[in-house]
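Data from work36.pdb: PDB, C-alpha atoms
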ATOM      1  CA  MET B  15     100.039 -32.507  93.163
ATOM      2  CA  ASN B  16      99.397 -35.926  91.737
ATOM      3  CA  SER B  17     101.876 -38.184  90.033
ATOM      4  CA  PRO B  18     102.082 -37.611  86.281
ATOM      5  CA  GLN B  19     101.466 -41.222  85.217
ATOM      6  CA  GLN B  20      97.878 -41.257  86.445
ATOM      7  CA  ARG B  21      97.006 -37.956  84.892
ATOM      8  CA  PHE B  22      97.260 -38.340  81.149
ATOM      9  CA  GLY B  23      96.484 -40.571  78.262
ATOM     10  CA  ARG B  24      93.763 -42.104  76.238
ATOM     11  CA  THR B  25      91.891 -44.633  78.273
ATOM     12  CA  ASP B  26      88.994 -45.764  76.119
ATOM     13  CA  VAL B  27      90.417 -49.210  75.438
ATOM     14  CA  ARG B  28      88.124 -52.098  76.107
ATOM     15  CA  VAL B  29      89.629 -54.840  78.265
ATOM     16  CA  ALA B  30      88.805 -58.525  77.668
ATOM     17  CA  LEU B  31      86.998 -59.866  80.729
ATOM     18  CA  SER B  32      86.336 -63.474  81.694
ATOM     19  CA  ALA B  33      83.012 -64.769  82.945
ATOM     20  CA  ALA B  34      84.492 -64.893  86.449
ATOM     21  CA  ASP B  35      85.633 -61.255  86.159
ATOM     22  CA  LEU B  36      82.126 -60.217  85.165
ATOM     23  CA  ALA B  37      80.512 -62.238  87.919
ATOM     24  CA  LEU B  38      82.722 -60.511  90.492
ATOM     25  CA  ILE B  39      82.042 -57.080  88.967
ATOM     26  CA  GLY B  40      78.332 -57.794  89.282
ATOM     27  CA  ALA B  41      78.674 -59.022  92.868
ATOM     28  CA  ILE B  42      80.637 -55.990  94.058
ATOM     29  CA  GLN B  43      79.012 -53.101  92.258
ATOM     30  CA  GLY B  44      76.586 -52.330  95.055
ATOM     31  CA  GLY B  45      79.581 -51.709  97.287
ATOM     32  CA  LEU B  46      82.047 -53.616  99.403
ATOM     33  CA  PRO B  47      80.489 -55.625 102.243
ATOM     34  CA  LEU B  48      81.066 -53.902 105.577
ATOM     35  CA  VAL B  49      82.324 -57.003 107.344
ATOM     36  CA  SER B  50      85.688 -58.044 108.688
ATOM     37  CA  ARG B  51      86.533 -60.201 105.666
ATOM     38  CA  PRO B  52      84.634 -58.582 102.754
ATOM     39  CA  PHE B  53      86.423 -60.596 100.085
ATOM     40  CA  ALA B  54      85.557 -63.865 101.806
ATOM     41  CA  GLN B  55      81.907 -62.812 101.749
ATOM     42  CA  LEU B  56      82.120 -61.958  98.042
ATOM     43  CA  ALA B  57      83.755 -65.352  97.467
ATOM     44  CA  THR B  58      80.703 -67.139  98.847
ATOM     45  CA  GLN B  59      78.579 -65.188  96.335
ATOM     46  CA  THR B  60      80.739 -65.954  93.319
ATOM     47  CA  GLY B  61      81.763 -69.497  94.221
ATOM     48  CA  GLU B  62      85.467 -68.725  94.356
ATOM     49  CA  THR B  63      87.940 -68.792  97.221
ATOM     50  CA  GLU B  64      88.774 -65.638  99.154
ATOM     51  CA  GLN B  65      92.295 -65.745  97.730
ATOM     52  CA  ALA B  66      90.947 -66.020  94.172
ATOM     53  CA  VAL B  67      88.676 -63.001  94.717
ATOM     54  CA  ILE B  68      91.595 -61.002  96.078
ATOM     55  CA  GLU B  69      93.755 -61.903  93.076
ATOM     56  CA  ARG B  70      90.956 -61.202  90.615
ATOM     57  CA  LEU B  71      90.241 -57.788  92.124
ATOM     58  CA  GLN B  72      93.927 -56.924  92.097
ATOM     59  CA  SER B  73      94.086 -57.949  88.450
ATOM     60  CA  LEU B  74      90.999 -55.862  87.575
ATOM     61  CA  GLN B  75      92.671 -52.918  89.256
ATOM     62  CA  ASP B  76      95.997 -53.566  87.484
ATOM     63  CA  ARG B  77      94.177 -53.709  84.140
ATOM     64  CA  GLY B  78      92.435 -50.425  84.889
ATOM     65  CA  VAL B  79      88.919 -51.874  84.869
ATOM     66  CA  ILE B  80      88.639 -50.754  88.471
ATOM     67  CA  LYS B  81      90.022 -47.239  88.679
ATOM     68  CA  ARG B  82      90.237 -47.433  92.433
ATOM     69  CA  MET B  83      88.546 -48.928  95.442
ATOM     70  CA  GLY B  84      87.212 -46.502  97.930
ATOM     71  CA  ALA B  85      84.652 -43.966  98.984
ATOM     72  CA  VAL B  86      82.613 -41.568  96.870
ATOM     73  CA  VAL B  87      81.602 -38.466  98.797
ATOM     74  CA  ARG B  88      78.556 -36.283  98.322
ATOM     75  CA  HIS B  89      80.455 -33.054  98.161
ATOM     76  CA  ARG B  90      77.538 -30.747  98.941
ATOM     77  CA  GLU B  91      76.930 -32.500 102.209
ATOM     78  CA  LEU B  92      80.578 -31.854 103.087
ATOM     79  CA  GLY B  93      80.261 -28.118 102.569
ATOM     80  CA  TYR B  94      81.556 -27.911  98.982
ATOM     81  CA  ARG B  95      78.480 -26.072  97.857
ATOM     82  CA  ALA B  96      79.811 -24.297  94.792
ATOM     83  CA  ASN B  97      80.505 -26.464  91.787
ATOM     84  CA  GLY B  98      81.889 -24.646  88.787
ATOM     85  CA  MET B  99      82.333 -26.211  85.412
ATOM     86  CA  VAL B 100      84.948 -24.000  83.798
ATOM     87  CA  VAL B 101      85.049 -24.169  80.031
ATOM     88  CA  TRP B 102      87.731 -22.714  77.769
ATOM     89  CA  ASP B 103      87.839 -21.991  74.046
ATOM     90  CA  VAL B 104      91.415 -23.051  73.383
ATOM     91  CA  PRO B 105      93.099 -23.101  69.949
ATOM     92  CA  ASP B 106      93.268 -26.812  69.083
ATOM     93  CA  GLU B 107      97.053 -26.877  68.910
ATOM     94  CA  GLN B 108      97.303 -25.551  72.472
ATOM     95  CA  VAL B 109      94.870 -27.946  74.140
ATOM     96  CA  ASP B 110      97.443 -30.471  75.319
ATOM     97  CA  GLU B 111      99.736 -27.839  76.763
ATOM     98  CA  LEU B 112      96.924 -26.064  78.533
ATOM     99  CA  GLY B 113      95.303 -29.293  79.743
ATOM    100  CA  ARG B 114      98.595 -30.246  81.324
ATOM    101  CA  CYS B 115      98.975 -26.847  82.951
ATOM    102  CA  LEU B 116      95.468 -26.893  84.410
ATOM    103  CA  SER B 117      95.756 -30.424  85.725
ATOM    104  CA  ARG B 118      98.810 -29.516  87.814
ATOM    105  CA  PHE B 119      96.415 -27.766  90.195
ATOM    106  CA  GLU B 120      95.116 -30.015  92.893
ATOM    107  CA  PHE B 121      91.790 -28.189  93.157
ATOM    108  CA  ILE B 122      90.906 -29.265  89.615
ATOM    109  CA  THR B 123      89.091 -32.545  89.980
ATOM    110  CA  LEU B 124      88.372 -33.339  86.334
ATOM    111  CA  CYS B 125      89.853 -31.996  83.100
ATOM    112  CA  TYR B 126      88.690 -33.175  79.691
ATOM    113  CA  ARG B 127      88.901 -32.115  76.082
ATOM    114  CA  ARG B 128      85.479 -32.296  74.456
ATOM    115  CA  PRO B 129      84.168 -31.352  70.991
ATOM    116  CA  ARG B 130      82.956 -27.826  70.267
ATOM    117  CA  GLN B 131      79.303 -27.495  69.224
ATOM    118  CA  GLY B 132      79.503 -24.897  66.487
ATOM    119  CA  VAL B 133      78.715 -21.265  67.210
ATOM    120  CA  ASP B 134      76.400 -22.184  70.094
ATOM    121  CA  TRP B 135      79.193 -23.680  72.155
ATOM    122  CA  PRO B 136      82.768 -22.820  71.184
ATOM    123  CA  TYR B 137      84.409 -24.361  74.258
ATOM    124  CA  ASN B 138      86.639 -27.414  73.925
ATOM    125  CA  LEU B 139      88.379 -27.806  77.286
ATOM    126  CA  PHE B 140      86.367 -28.513  80.424
ATOM    127  CA  CYS B 141      87.475 -28.640  84.024
ATOM    128  CA  MET B 142      85.631 -28.906  87.294
ATOM    129  CA  ILE B 143      86.352 -26.851  90.391
ATOM    130  CA  HIS B 144      84.550 -27.301  93.676
ATOM    131  CA  GLY B 145      84.631 -24.678  96.372
ATOM    132  CA  ARG B 146      82.843 -23.726  99.547
ATOM    133  CA  ASP B 147      81.243 -20.794  97.732
ATOM    134  CA  ARG B 148      81.237 -19.204  94.291
ATOM    135  CA  GLU B 149      83.805 -16.553  95.193
ATOM    136  CA  GLU B 150      86.290 -19.263  96.138
ATOM    137  CA  VAL B 151      85.794 -20.894  92.734
ATOM    138  CA  ARG B 152      86.177 -17.536  90.950
ATOM    139  CA  GLY B 153      89.399 -16.914  92.850
ATOM    140  CA  LYS B 154      90.759 -20.256  91.727
ATOM    141  CA  VAL B 155      89.872 -19.470  88.127
ATOM    142  CA  ARG B 156      91.763 -16.153  88.420
ATOM    143  CA  GLN B 157      94.724 -18.122  89.722
ATOM    144  CA  LEU B 158      94.551 -20.447  86.696
ATOM    145  CA  VAL B 159      94.332 -17.529  84.263
ATOM    146  CA  GLN B 160      97.429 -16.007  85.797
ATOM    147  CA  CYS B 161      99.520 -19.163  86.219
ATOM    148  CA  CYS B 162      98.726 -20.704  82.831
ATOM    149  CA  GLN B 163      98.712 -17.329  80.962
ATOM    150  CA  LEU B 164      95.126 -17.632  79.802
ATOM    151  CA  GLU B 165      94.311 -13.945  79.559
ATOM    152  CA  ALA B 166      93.541 -14.260  75.815
ATOM    153  CA  ILE B 167      91.563 -17.502  76.093
ATOM    154  CA  PRO B 168      87.772 -17.019  76.349
ATOM    155  CA  HIS B 169      86.259 -18.905  79.249
ATOM    156  CA  ALA B 170      83.017 -19.259  81.156
ATOM    157  CA  ILE B 171      82.161 -20.594  84.591
ATOM    158  CA  LEU B 172      78.928 -22.570  84.754
ATOM    159  CA  PHE B 173      77.899 -22.901  88.370
ATOM    160  CA  SER B 174      75.595 -25.730  89.205
ATOM    161  CA  GLY B 175      72.216 -25.024  90.653
ATOM    162  CA  ARG B 176      69.967 -27.860  91.680
ATOM    163  CA  ARG B 177      71.261 -31.364  91.618
ATOM    164  CA  PHE B 178      68.539 -33.549  90.174
ATOM    165  CA  LYS B 179      70.253 -36.855  90.177
ATOM    166  CA  GLN B 180      73.522 -38.284  91.379
ATOM    167  CA  ARG B 181      74.268 -41.927  91.303
ATOM    168  CA  GLY B 182      76.980 -44.138  89.933
ATOM    169  CA  ALA B 183      76.744 -45.966  86.663
ATOM    170  CA  HIS B 184      75.381 -49.473  86.960
ATOM    171  CA  TYR B 185      76.767 -52.439  85.090
ATOM    172  CA  ARG B 186      74.862 -55.300  86.628
ATOM    173  CA  ASN B 187      72.970 -56.124  83.426
ATOM    174  CA  ALA B 188      76.117 -56.138  81.328
ATOM    175  CA  ALA B 189      77.879 -58.348  83.830
ATOM    176  CA  ARG B 190      75.010 -60.796  83.993
ATOM    177  CA  ARG B 191      74.442 -60.947  80.259
ATOM    178  CA  GLU B 192      78.084 -61.400  79.356
ATOM    179  CA  ALA B 193      78.719 -63.829  82.170
ATOM    180  CA  VAL B 194      75.964 -66.005  80.752
ATOM    181  CA  SER B 195      77.004 -65.740  77.113
ATOM    182  CA  SER B 196      80.750 -66.279  77.514
TER     183      SER B 196
ATOM    184  CA  MET G   2      69.383 -45.925  92.165
ATOM    185  CA  SER G   3      67.039 -43.342  93.610
ATOM    186  CA  THR G   4      67.228 -39.677  92.879
ATOM    187  CA  ALA G   5      69.428 -38.044  95.474
ATOM    188  CA  ALA G   6      67.750 -35.687  97.851
ATOM    189  CA  VAL G   7      69.281 -32.244  97.941
ATOM    190  CA  ILE G   8      70.656 -31.716 101.402
ATOM    191  CA  ASP G   9      72.333 -28.363 101.672
ATOM    192  CA  ALA G  10      73.084 -28.232 105.385
ATOM    193  CA  PRO G  11      76.720 -29.134 106.053
ATOM    194  CA  VAL G  12      76.937 -32.161 108.302
ATOM    195  CA  GLU G  13      78.869 -32.275 111.538
ATOM    196  CA  LEU G  14      81.782 -34.675 111.340
ATOM    197  CA  ASP G  15      84.271 -35.435 114.061
ATOM    198  CA  ALA G  16      88.000 -35.795 113.565
ATOM    199  CA  LEU G  17      87.838 -39.551 113.066
ATOM    200  CA  ASP G  18      85.081 -39.213 110.434
ATOM    201  CA  ARG G  19      87.275 -36.728 108.584
ATOM    202  CA  ARG G  20      90.306 -38.981 108.702
ATOM    203  CA  ILE G  21      88.197 -41.883 107.460
ATOM    204  CA  ILE G  22      86.741 -39.875 104.560
ATOM    205  CA  ASN G  23      90.129 -38.543 103.510
ATOM    206  CA  ARG G  24      91.823 -41.924 103.792
ATOM    207  CA  LEU G  25      89.132 -43.880 101.966
ATOM    208  CA  GLN G  26      89.210 -41.590  98.947
ATOM    209  CA  ASP G  27      92.789 -42.743  98.402
ATOM    210  CA  GLY G  28      91.989 -46.393  97.814
ATOM    211  CA  PHE G  29      91.487 -49.487  99.902
ATOM    212  CA  PRO G  30      93.699 -52.533 100.470
ATOM    213  CA  ILE G  31      92.749 -55.736  98.692
ATOM    214  CA  SER G  32      93.684 -58.141 101.457
ATOM    215  CA  GLU G  33      92.077 -60.568 103.889
ATOM    216  CA  HIS G  34      91.465 -57.990 106.622
ATOM    217  CA  PRO G  35      91.355 -54.667 104.810
ATOM    218  CA  TYR G  36      89.276 -52.810 107.407
ATOM    219  CA  ALA G  37      91.683 -53.847 110.151
ATOM    220  CA  GLU G  38      94.612 -52.571 108.091
ATOM    221  CA  VAL G  39      93.014 -49.196 107.470
ATOM    222  CA  ALA G  40      91.827 -48.969 111.085
ATOM    223  CA  ALA G  41      95.414 -49.451 112.273
ATOM    224  CA  GLU G  42      96.569 -46.600 110.010
ATOM    225  CA  LEU G  43      93.879 -44.372 111.507
ATOM    226  CA  ASP G  44      94.580 -45.337 115.123
ATOM    227  CA  THR G  45      91.219 -46.961 115.595
ATOM    228  CA  ASP G  46      89.902 -50.514 115.509
ATOM    229  CA  GLU G  47      88.166 -52.532 112.843
ATOM    230  CA  ALA G  48      84.705 -52.544 114.456
ATOM    231  CA  THR G  49      84.762 -48.761 114.923
ATOM    232  CA  LEU G  50      85.832 -48.171 111.336
ATOM    233  CA  ILE G  51      83.094 -50.428 109.976
ATOM    234  CA  ALA G  52      80.455 -48.755 112.174
ATOM    235  CA  ARG G  53      81.580 -45.242 111.181
ATOM    236  CA  LEU G  54      81.598 -46.208 107.519
ATOM    237  CA  GLN G  55      78.095 -47.611 107.824
ATOM    238  CA  ALA G  56      76.927 -44.375 109.451
ATOM    239  CA  LEU G  57      78.561 -42.213 106.752
ATOM    240  CA  LEU G  58      76.731 -44.250 104.108
ATOM    241  CA  ASP G  59      73.436 -44.164 106.025
ATOM    242  CA  THR G  60      73.532 -40.384 106.377
ATOM    243  CA  GLY G  61      74.478 -39.904 102.737
ATOM    244  CA  ILE G  62      77.859 -38.261 103.359
ATOM    245  CA  LEU G  63      79.245 -41.059 101.241
ATOM    246  CA  SER G  64      77.212 -42.072  98.226
ATOM    247  CA  ARG G  65      79.007 -45.396  97.980
ATOM    248  CA  PHE G  66      81.968 -47.411  99.132
ATOM    249  CA  GLY G  67      83.476 -49.886  96.728
ATOM    250  CA  PRO G  68      85.070 -50.088  93.309
ATOM    251  CA  MET G  69      84.997 -47.229  90.829
ATOM    252  CA  TYR G  70      84.764 -48.872  87.442
ATOM    253  CA  HIS G  71      86.278 -47.592  84.235
ATOM    254  CA  ALA G  72      83.232 -47.537  81.984
ATOM    255  CA  GLU G  73      85.026 -47.735  78.649
ATOM    256  CA  ARG G  74      87.257 -50.594  79.732
ATOM    257  CA  LEU G  75      84.140 -52.502  80.772
ATOM    258  CA  GLY G  76      82.801 -52.053  77.268
ATOM    259  CA  GLY G  77      80.413 -49.293  78.289
ATOM    260  CA  ALA G  78      80.353 -45.643  77.333
ATOM    261  CA  LEU G  79      79.925 -42.253  78.988
ATOM    262  CA  THR G  80      79.134 -38.882  77.598
ATOM    263  CA  LEU G  81      78.316 -35.405  78.840
ATOM    264  CA  ALA G  82      75.244 -33.861  77.277
ATOM    265  CA  ALA G  83      73.396 -30.584  77.630
ATOM    266  CA  ILE G  84      70.065 -29.032  76.693
ATOM    267  CA  ALA G  85      68.982 -25.398  76.538
ATOM    268  CA  VAL G  86      65.606 -25.713  78.267
ATOM    269  CA  ALA G  87      63.042 -22.921  78.349
ATOM    270  CA  PRO G  88      62.527 -22.021  82.039
ATOM    271  CA  ALA G  89      58.811 -22.816  81.841
ATOM    272  CA  ASP G  90      59.611 -26.337  80.663
ATOM    273  CA  PHE G  91      62.293 -27.073  83.185
ATOM    274  CA  GLU G  92      60.362 -29.293  85.558
ATOM    275  CA  ARG G  93      58.843 -31.386  82.784
ATOM    276  CA  VAL G  94      62.158 -31.887  80.988
ATOM    277  CA  THR G  95      63.938 -32.727  84.238
ATOM    278  CA  GLU G  96      61.459 -35.466  84.971
ATOM    279  CA  GLN G  97      61.664 -36.831  81.467
ATOM    280  CA  VAL G  98      65.464 -36.829  81.394
ATOM    281  CA  ASN G  99      65.852 -38.317  84.872
ATOM    282  CA  ALA G 100      63.475 -41.134  83.988
ATOM    283  CA  PHE G 101      66.158 -42.583  81.699
ATOM    284  CA  PRO G 102      68.162 -45.168  83.654
ATOM    285  CA  GLU G 103      71.200 -44.186  81.570
ATOM    286  CA  VAL G 104      71.228 -40.704  83.140
ATOM    287  CA  ALA G 105      73.771 -40.928  85.942
ATOM    288  CA  HIS G 106      73.941 -37.261  86.966
ATOM    289  CA  ASN G 107      71.839 -34.277  86.114
ATOM    290  CA  TYR G 108      72.609 -30.723  87.175
ATOM    291  CA  ALA G 109      71.088 -27.368  86.404
ATOM    292  CA  ARG G 110      73.790 -24.862  85.453
ATOM    293  CA  ASP G 111      73.807 -21.089  84.972
ATOM    294  CA  HIS G 112      73.995 -20.742  81.210
ATOM    295  CA  GLU G 113      71.763 -20.777  78.175
ATOM    296  CA  LEU G 114      72.624 -24.481  78.088
ATOM    297  CA  ASN G 115      71.089 -24.947  81.500
ATOM    298  CA  MET G 116      70.656 -28.693  81.938
ATOM    299  CA  TRP G 117      73.770 -30.887  82.018
ATOM    300  CA  PHE G 118      73.692 -34.612  82.410
ATOM    301  CA  VAL G 119      75.983 -37.603  82.125
ATOM    302  CA  LEU G 120      74.856 -40.636  80.174
ATOM    303  CA  ALA G 121      76.323 -44.009  81.082
ATOM    304  CA  THR G 122      75.411 -46.835  78.742
ATOM    305  CA  GLU G 123      76.405 -50.461  78.588
ATOM    306  CA  THR G 124      77.621 -50.167  74.994
ATOM    307  CA  PRO G 125      78.913 -47.232  72.911
ATOM    308  CA  GLN G 126      76.124 -47.899  70.400
ATOM    309  CA  ARG G 127      73.500 -47.026  73.011
ATOM    310  CA  ILE G 128      74.667 -43.419  73.397
ATOM    311  CA  PRO G 129      73.217 -42.059  70.122
ATOM    312  CA  VAL G 130      70.076 -44.164  70.606
ATOM    313  CA  VAL G 131      69.425 -42.679  74.058
ATOM    314  CA  ILE G 132      70.212 -39.174  72.838
ATOM    315  CA  ARG G 133      67.725 -39.469  69.982
ATOM    316  CA  GLU G 134      65.141 -40.794  72.409
ATOM    317  CA  ILE G 135      65.701 -37.878  74.816
ATOM    318  CA  GLU G 136      65.380 -35.442  71.899
ATOM    319  CA  ARG G 137      62.149 -37.083  70.783
ATOM    320  CA  ILE G 138      60.555 -37.122  74.226
ATOM    321  CA  THR G 139      61.645 -33.672  75.395
ATOM    322  CA  GLY G 140      61.373 -31.927  72.040
ATOM    323  CA  TYR G 141      64.762 -30.262  72.567
ATOM    324  CA  PRO G 142      68.044 -30.835  70.713
ATOM    325  CA  VAL G 143      70.694 -32.494  72.856
ATOM    326  CA  PHE G 144      74.298 -31.321  72.628
ATOM    327  CA  ASN G 145      76.507 -34.390  72.883
ATOM    328  CA  MET G 146      80.000 -33.730  74.247
ATOM    329  CA  PRO G 147      81.876 -36.994  74.651
ATOM    330  CA  LYS G 148      85.307 -36.953  76.213
ATOM    331  CA  LYS G 149      88.054 -36.679  73.589
ATOM    332  CA  GLU G 150      91.013 -36.637  75.916
ATOM    333  CA  GLU G 151      91.354 -36.932  79.651
ATOM    334  CA  PHE G 152      93.895 -34.821  81.468
ATOM    335  CA  PHE G 153      92.920 -35.766  84.946
ATOM    336  CA  VAL G 154      90.700 -38.013  86.980
ATOM    337  CA  GLY G 155      91.162 -37.609  90.690
ATOM    338  CA  LEU G 156      87.897 -36.517  92.178
ATOM    339  CA  LYS G 157      88.794 -36.182  95.841
ATOM    340  CA  PHE G 158      87.530 -33.887  98.537
ATOM    341  CA  ARG G 159      89.649 -33.092 101.576
ATOM    342  CA  VAL G 160      87.518 -32.534 104.637
TER     343      VAL G 160
END
Starting from the coordinates I provided, produce the structure as structure tokens.
Amino acid sequence: MNSPQQRFGRTDVRVALSAADLALIGAIQGGLPLVSRPFAQLATQTGETEQAVIERLQSLQDRGVIKRMGAVVRHRELGYRANGMVVWDVPDEQVDELGRCLSRFEFITLCYRRPRQGVDWPYNLFCMIHGRDREEVRGKVRQLVQCCQLEAIPHAILFSGRRFKQRGAHYRNAARREAVSS
Amino acid sequence: MSTAAVIDAPVELDALDRRIINRLQDGFPISEHPYAEVAAELDTDEATLIARLQALLDTGILSRFGPMYHAERLGGALTLAAIAVAPADFERVTEQVNAFPEVAHNYARDHELNMWFVLATETPQRIPVVIREIERITGYPVFNMPKKEEFFVGLKFRV
């Protein structure tokens, strides 16, 4: 179980960034240098001191611009071969309650409310479950239905087939442009 | 930047690799000697940790190691979009969709809406522009499903 404070809330608030913030974001987006003092190496790229880079990164993290520092795994290579996007058609007034119930389960890695798309797509709550195989994912969905009392809520599991593309978002251009203009 | 190869064979990892992967999904110290700090937690040394991390990146077990940015707080935008592609058109549409640099992920899924992709743009205004462009090029309507509320972000895989 994760702590409640990191799990909820609207987060689409733009943060004001300085030119130095943007320069550092641009310098680091390819990844952290794999050297003993990575922030000293970044400092030579951005023209700051190591201590200034450390403080700036901490501040970017405190302001939520950096969600976290760390590793991104390729889950298929680790044996998580079944990836189920589970979608629910929840009455609007129950979305918050149900979203909270679903996100108590550690095996749910993402949980979002999204707009319905008319009759073609009635689902408004999306969550992602990864498992070693499809039966494991189905078992977890049965557990959710039981624990969150979702017997009357229509749902579908969309298993992923081929992965065509997986890469992070890139912000280098934004960083460069705004660093120049500000 | 390149399209990820699909590697379906599980990779052999030893106990230290597993501890490194689990630990490094939980964040990383922002300090002068961060690798040394993490190495001490994992009962190894800095040079070993750096070498293992390099190998995990080289073999593609890790897709990256560094900061995870919050797109909206950076002024950018993300959305999830889907297309119902006729099976005969699937290869063509996949190529056309993947050619957009704004497409960060693209997965086939078992449903009438069978192609699901994430768009990441540098401004919110770019999202509808890119969607219209994808509709024009592919000839298919795109279902745009932006996030309205987030209940959880904690994509972590215990190994």
Mind giving me the axis-aligned box for range 13-27 of chain G with 8 Å on every side, centre plus edges in Å to one decimal, as lines of an AutoDock Vina configuration file?
center_x = 85.8
center_y = -38.1
center_z = 106.2
size_x = 29.9
size_y = 27.6
size_z = 31.7
Which residues of range 19-87 of chain B come within 10 Å of range 69-87 of chain G, and what is each one's closest atom pair and distance in Å (one decimal), counting only C-alpha atoms, sorted by chain and residue number, as a Markdown table?
| residue | atom | partner | partner_atom | distance |
| --- | --- | --- | --- | --- |
| B:Thr25 | CA | G:Glu73 | CA | 7.5 |
| B:Asp26 | CA | G:Glu73 | CA | 5.1 |
| B:Val27 | CA | G:Arg74 | CA | 5.5 |
| B:Arg28 | CA | G:Arg74 | CA | 4.0 |
| B:Val29 | CA | G:Arg74 | CA | 5.1 |
| B:Ala30 | CA | G:Leu75 | CA | 8.2 |
| B:Leu31 | CA | G:Leu75 | CA | 7.9 |
| B:Leu36 | CA | G:Leu75 | CA | 9.1 |
| B:Ile39 | CA | G:Tyr70 | CA | 8.8 |
| B:Gln43 | CA | G:Met69 | CA | 8.5 |
| B:Gly45 | CA | G:Met69 | CA | 9.5 |
| B:Leu74 | CA | G:Tyr70 | CA | 9.4 |
| B:Gln75 | CA | G:Tyr70 | CA | 9.1 |
| B:Arg77 | CA | G:Arg74 | CA | 8.8 |
| B:Gly78 | CA | G:His71 | CA | 6.8 |
| B:Val79 | CA | G:His71 | CA | 5.1 |
| B:Ile80 | CA | G:Tyr70 | CA | 4.4 |
| B:Lys81 | CA | G:Met69 | CA | 5.5 |
| B:Arg82 | CA | G:Met69 | CA | 5.5 |
| B:Met83 | CA | G:Met69 | CA | 6.1 |
| B:Gly84 | CA | G:Met69 | CA | 7.5 |
| B:Ala85 | CA | G:Met69 | CA | 8.8 |
| B:Val86 | CA | G:Met69 | CA | 8.6 |
Checklist entry - If you count all atoms listed in the file, which residues fall within 6 Å of Arg146 in chain B, apart from same-chain ones fewer than 5 positions away, as a list in words? => result Gly93, Tyr94, Arg95 and Ala96 of chain B
Would you mind exporting the chosen residues as an mmCIF file, in the coordinates of the input, restricted to C-alpha atoms?
data_model
loop_
_atom_site.group_PDB
_atom_site.id
_atom_site.type_symbol
_atom_site.label_atom_id
_atom_site.label_comp_id
_atom_site.auth_asym_id
_atom_site.auth_seq_id
_atom_site.Cartn_x
_atom_site.Cartn_y
_atom_site.Cartn_z
ATOM 1 C CA GLY B 93 80.261 -28.118 102.569
ATOM 2 C CA TYR B 94 81.556 -27.911 98.982
ATOM 3 C CA ARG B 95 78.480 -26.072 97.857
ATOM 4 C CA ALA B 96 79.811 -24.297 94.792
#
Checklist entry - With only C-alpha atoms as the basis for distance, which of B:Phe121, B:Asn138, B:Lys154, B:Ser50 is at the shortest distance from Glu107 in chain B? => result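 So, comparing all the options, the nearest one is B:Asn138.
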Next on the checklist: With all atoms listed in the file as the counted atoms, please give the residues lying no more than 8 Å from range 51-65 of chain G, apart from itself and same-chain residues fewer than 6 positions off, as an MDAnalysis selection string.
Outcome noted: (chainID B and resid 44:45 48:49 85:89 91:92 181) or (chainID G and resid 12 18 21 36)
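Nearest to chain G of all the residues B:Asn97, B:Ser174, B:Ser32, B:Gln160 is B:Ser174, based on only C-alpha atoms.
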Next on the checklist: One number please: CA of Asp27 in chain G to CA of Phe140 in chain B, in Å, one decimal.
Outcome noted: 23.8 Å
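One finds CA of Gly28 in chain G at 17.2 Å from CA of Val67 in chain B.
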Item to check | Closest of B:Asp103, B:Ile171, B:Asp110, B:Arg152 to Gln131 in chain B - atom-to-atom distances counting only C-alpha atoms | outcome: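 For Gln131 in chain B, the nearest of the given residues is B:Asp103.
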Item to check | Selected residue, from G:Pro88, G:Pro142, G:Pro129, G:Pro35, that lies nearest to chain B when counting all atoms listed in the file | outcome: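 Among G:Pro88, G:Pro142, G:Pro129, G:Pro35, it is G:Pro35 that comes nearest to chain B.
Residues in contact range of Asp46 in chain G, defined as at most 8 Å between all atoms listed in the file, with sequence neighbours fewer than 5 positions away removed, read Ala37, Ala40 and Ala41 of chain G.
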Checklist entry - What residues come out when you apply the PyMOL selection byres ((chain G and resi 132) around 10) to this file, written as an MDAnalysis selection string? => result chainID G and resid 82 120 127:131 133:138 142:145
Next on the checklist: From the options B:Ser73, B:Ser117, B:Gln59, B:Gln163, which residue's atoms come nearest to chain G, counting only C-alpha atoms?
Outcome noted: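 Smallest distance to chain G is found for B:Ser117.
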Next on the checklist: Take the PyMOL selection byres ((chain B and resi 38) around 9), run it mentally on this structure, and tell me the resulting residues as a ChimeraX atom specification.
Outcome noted: /B:33-37,39-43,56-57,59-60,67,70-71,189
Write a file of the selected residues as a compact mmCIF listing (two decimals), in the coordinates of the input, keeping C-alpha atoms.
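Output file part_21.txt is given in full below:
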# COMPACT_ATOMS: atom_id res chain seq x y z
CA ALA B 33 83.01 -64.77 82.94
CA ALA B 34 84.49 -64.89 86.45
CA ASP B 35 85.63 -61.26 86.16
CA LEU B 36 82.13 -60.22 85.16
CA ALA B 37 80.51 -62.24 87.92
CA ILE B 39 82.04 -57.08 88.97
CA GLY B 40 78.33 -57.79 89.28
CA ALA B 41 78.67 -59.02 92.87
CA ILE B 42 80.64 -55.99 94.06
CA GLN B 43 79.01 -53.10 92.26
CA LEU B 56 82.12 -61.96 98.04
CA ALA B 57 83.76 -65.35 97.47
CA GLN B 59 78.58 -65.19 96.34
CA THR B 60 80.74 -65.95 93.32
CA VAL B 67 88.68 -63.00 94.72
CA ARG B 70 90.96 -61.20 90.62
CA LEU B 71 90.24 -57.79 92.12
CA ALA B 189 77.88 -58.35 83.83
Item to check | Glu38 in chain G surroundings by only C-alpha atoms, 12 Å radius, close-in-sequence under 5 positions cut, as a PyMOL selection string | outcome: (chain B and resi 50-51) or (chain G and resi 24-25+29-33+43-48+50-51)
Item to check | Interatomic distance, CA of Phe91 in chain G to CA of Tyr141 in chain G (Å, one decimal) | outcome: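 It comes out at 11.4 Å.
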Next on the checklist: Measuring between only C-alpha atoms, which one of B:Gly98, B:Pro168, B:Gly153, B:Gly61 shows the shortest distance to chain G?
Outcome noted: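 The shortest atom-to-atom distance to chain G comes from B:Gly98.
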